[in-house]
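Undergrad: Structure in structure tokens, see below.
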Amino acid sequence: MSTDDVEPRKVEGLKGTVERGPFGAGSKSARDADWVNTPQGRFVLRRKDGPTFGDAALDRYVGKRVTCSGFIVGYSLLAERISVDDK
């Protein structure tokens with residue numbers, strides 16, 4: 001993994017669609033996670049101040065198109081703000 005993969009990168013107005021799907025298949029940390037699919041990539045969605053696993057507050061975003069601001073760290077988006085995009 002390169003340094004670029006672990007250094008936090010600030011993002012503003014990142015748009016994507018939230019889905020729930022498998023994470024860590026075959027490992028002892030295997031679980032379902034909330035993902036945001038964006039043109040920049042697919043990231044595990046977490047609230048910056050939320051729990052690492054099982055954040056029920058993210059349930060309302062599953063299946064929705066959202067705009068997020070926060071930090072990308074490795075394969076995770078640590079969201080400071082999440083809003084649902086109106087269609």
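Following the order of the structure tokens, chains are lettered A, B, ..., residues in each are numbered from 1, and ligands are numbered from 1.
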Excluding segment 42-53 of chain A and residues on its chain fewer than 6 positions from it, collect all residues at most 6 Å away from it, counting only C-alpha atoms, and give them as a list in words.

TA: Asp34, Trp35, Val36, Tyr75, Ser76, Leu77, Leu78, Ala79 and Glu80 of chain A

Undergrad: Write to file, as a PDB file, in the first residue's frame, the residues of the selection just made, with C-alpha atoms.

TA:
ATOM      1  CA  ASP A  34     -22.304   0.535   3.699  1.00  0.00           C
ATOM      2  CA  TRP A  35     -20.516   1.576   0.505  1.00  0.00           C
ATOM      3  CA  VAL A  36     -20.668   4.734  -1.552  1.00  0.00           C
ATOM      4  CA  TYR A  75     -10.744   2.487   1.148  1.00  0.00           C
ATOM      5  CA  SER A  76     -12.969   4.499   3.551  1.00  0.00           C
ATOM      6  CA  LEU A  77     -14.856   7.761   3.250  1.00  0.00           C
ATOM      7  CA  LEU A  78     -15.070   9.379   6.694  1.00  0.00           C
ATOM      8  CA  ALA A  79     -18.022  11.686   6.081  1.00  0.00           C
ATOM      9  CA  GLU A  80     -18.436  14.925   7.984  1.00  0.00           C
TER      10      GLU A  80
END

Undergrad: Quick one: DSSP helix (DSSP H, G or I) residues in segment 8-70 of chain A, as a ChimeraX atom specification?

TA: /A:56-61

Undergrad: How would the residues just chosen look if you wrote them out with N, CA, C and O atoms as a PDB file, in the first residue's frame?

TA:
ATOM      1  N   ALA A  56     -26.245   2.450  12.525  1.00  0.00           N
ATOM      2  CA  ALA A  56     -27.647   2.472  12.106  1.00  0.00           C
ATOM      3  C   ALA A  56     -28.042   3.807  11.484  1.00  0.00           C
ATOM      4  O   ALA A  56     -28.984   3.871  10.689  1.00  0.00           O
ATOM      5  N   ALA A  57     -27.328   4.879  11.792  1.00  0.00           N
ATOM      6  CA  ALA A  57     -27.640   6.193  11.233  1.00  0.00           C
ATOM      7  C   ALA A  57     -27.422   6.229   9.717  1.00  0.00           C
ATOM      8  O   ALA A  57     -27.973   7.088   9.028  1.00  0.00           O
ATOM      9  N   LEU A  58     -26.638   5.292   9.183  1.00  0.00           N
ATOM     10  CA  LEU A  58     -26.400   5.252   7.737  1.00  0.00           C
ATOM     11  C   LEU A  58     -27.497   4.519   6.980  1.00  0.00           C
ATOM     12  O   LEU A  58     -27.579   4.623   5.753  1.00  0.00           O
ATOM     13  N   ASP A  59     -28.372   3.802   7.695  1.00  0.00           N
ATOM     14  CA  ASP A  59     -29.431   3.022   7.048  1.00  0.00           C
ATOM     15  C   ASP A  59     -30.294   3.868   6.118  1.00  0.00           C
ATOM     16  O   ASP A  59     -30.712   3.401   5.055  1.00  0.00           O
ATOM     17  N   ARG A  60     -30.570   5.097   6.480  1.00  0.00           N
ATOM     18  CA  ARG A  60     -31.461   5.953   5.687  1.00  0.00           C
ATOM     19  C   ARG A  60     -30.886   6.332   4.327  1.00  0.00           C
ATOM     20  O   ARG A  60     -31.608   6.814   3.458  1.00  0.00           O
ATOM     21  N   TYR A  61     -29.578   6.125   4.134  1.00  0.00           N
ATOM     22  CA  TYR A  61     -28.939   6.488   2.872  1.00  0.00           C
ATOM     23  C   TYR A  61     -28.844   5.334   1.876  1.00  0.00           C
ATOM     24  O   TYR A  61     -28.565   5.565   0.707  1.00  0.00           O
TER      25      TYR A  61
END

Undergrad: Residues near Phe23 of chain A, anyone? I mean within 9 Å using only C-alpha atoms, not counting same-chain ones fewer than 2 positions away, as a list in words.

TA: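 Non-adjacent residues within range: Gly21, Ala25, Ser29, Ala30, Arg31, Asp32, Ala33, Asp34 and Val44 of chain A.
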
Undergrad: For the selection just defined, write its residues with N, CA and C atoms to a file, as a PDB file, in the first residue's frame.

TA:
ATOM      1  N   GLY A  21     -23.255  -4.013   1.223  1.00  0.00           N
ATOM      2  CA  GLY A  21     -22.729  -5.225   0.619  1.00  0.00           C
ATOM      3  C   GLY A  21     -21.602  -5.795   1.443  1.00  0.00           C
ATOM      4  N   ALA A  25     -14.590 -10.373   2.891  1.00  0.00           N
ATOM      5  CA  ALA A  25     -14.944 -11.789   2.705  1.00  0.00           C
ATOM      6  C   ALA A  25     -13.740 -12.681   2.961  1.00  0.00           C
ATOM      7  N   SER A  29     -12.957 -10.415   9.980  1.00  0.00           N
ATOM      8  CA  SER A  29     -13.732  -9.177  10.079  1.00  0.00           C
ATOM      9  C   SER A  29     -14.808  -9.094   8.989  1.00  0.00           C
ATOM     10  N   ALA A  30     -15.141 -10.226   8.358  1.00  0.00           N
ATOM     11  CA  ALA A  30     -16.167 -10.235   7.312  1.00  0.00           C
ATOM     12  C   ALA A  30     -17.494  -9.747   7.880  1.00  0.00           C
ATOM     13  N   ARG A  31     -18.151  -8.883   7.104  1.00  0.00           N
ATOM     14  CA  ARG A  31     -19.419  -8.287   7.540  1.00  0.00           C
ATOM     15  C   ARG A  31     -20.045  -7.577   6.361  1.00  0.00           C
ATOM     16  N   ASP A  32     -21.270  -7.127   6.536  1.00  0.00           N
ATOM     17  CA  ASP A  32     -21.872  -6.228   5.562  1.00  0.00           C
ATOM     18  C   ASP A  32     -21.477  -4.814   5.947  1.00  0.00           C
ATOM     19  N   ALA A  33     -21.202  -4.006   4.945  1.00  0.00           N
ATOM     20  CA  ALA A  33     -20.817  -2.612   5.172  1.00  0.00           C
ATOM     21  C   ALA A  33     -21.613  -1.729   4.230  1.00  0.00           C
ATOM     22  N   ASP A  34     -21.684  -0.445   4.572  1.00  0.00           N
ATOM     23  CA  ASP A  34     -22.304   0.535   3.699  1.00  0.00           C
ATOM     24  C   ASP A  34     -21.210   1.106   2.809  1.00  0.00           C
ATOM     25  N   VAL A  44     -15.929   2.424   1.603  1.00  0.00           N
ATOM     26  CA  VAL A  44     -16.744   2.100   2.768  1.00  0.00           C
ATOM     27  C   VAL A  44     -17.163   3.428   3.386  1.00  0.00           C
TER      28      VAL A  44
END

Undergrad: What lies within 8 Å of Val11 of chain A using only C-alpha atoms, ignoring chain neighbours under 2 positions off, as a list in words?

TA: Arg9, Gly13, Leu14, Cys68, Ser69, Gly70, Phe71 and Ile72 of chain A

Undergrad: Next, the residues of the selection above should be written as a CSV table (one decimal), in the first residue's frame with N, CA and C atoms.

TA:
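Below is the file that was written, part-v7.csv:
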chain,number,residue,atom,x,y,z
A,9,ARG,N,-7.3,12.4,2.6
A,9,ARG,CA,-7.5,13.3,1.5
A,9,ARG,C,-8.9,14.0,1.6
A,13,GLY,N,-18.2,17.7,-1.7
A,13,GLY,CA,-19.2,17.5,-2.7
A,13,GLY,C,-19.1,16.3,-3.5
A,14,LEU,N,-18.5,15.2,-2.9
A,14,LEU,CA,-18.4,13.9,-3.6
A,14,LEU,C,-19.7,13.3,-3.8
A,68,CYS,N,-21.4,13.9,-0.3
A,68,CYS,CA,-20.6,13.8,0.9
A,68,CYS,C,-19.4,14.7,0.9
A,69,SER,N,-19.1,15.2,2.1
A,69,SER,CA,-17.9,15.9,2.3
A,69,SER,C,-17.2,15.3,3.5
A,70,GLY,N,-15.9,15.2,3.5
A,70,GLY,CA,-15.1,14.6,4.6
A,70,GLY,C,-13.7,14.2,4.1
A,71,PHE,N,-13.3,13.0,4.5
A,71,PHE,CA,-11.9,12.6,4.2
A,71,PHE,C,-11.9,11.2,3.6
A,72,ILE,N,-11.2,11.0,2.5
A,72,ILE,CA,-10.9,9.6,2.1
A,72,ILE,C,-9.6,9.1,2.7

Undergrad: Find, counting only C-alpha atoms, the residue in A:Ser83, A:Val73, A:Thr67, A:Ser27 that gets nearest to Glu12 of chain A.

TA: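 Selected residue with least distance to Glu12 of chain A: A:Thr67.
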
Undergrad: Neighbouring residues of Val84 of chain A were defined as those with any atom within 7 Å, considering only C-alpha atoms; residues of the same chain fewer than 5 positions away were excluded. Please report them as a list in words.

TA: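 My list of contacting residues is Lys64, Arg65, Val66 and Thr67 of chain A.
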
Undergrad: Where does DSSP see strand (DSSP E) in chain A, if you list the residues as an MDAnalysis selection string?

TA: chainID A and resid 9:23 31:38 41:47 65:73 76:84

Undergrad: Which neighbours of Gly63 of chain A fall inside 10 Å, counting only C-alpha atoms, when residues of the same chain fewer than 5 positions from it are skipped, and could you give them as a list in words?

TA: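 So, after excluding close chain neighbours, the residues are Thr17, Val18, Glu19, Arg20 and Val36 of chain A.
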
Undergrad: Quick one, how far is atom CA of Gly74 of chain A from atom CA of Val62 of chain A?

TA: 21.5 Å
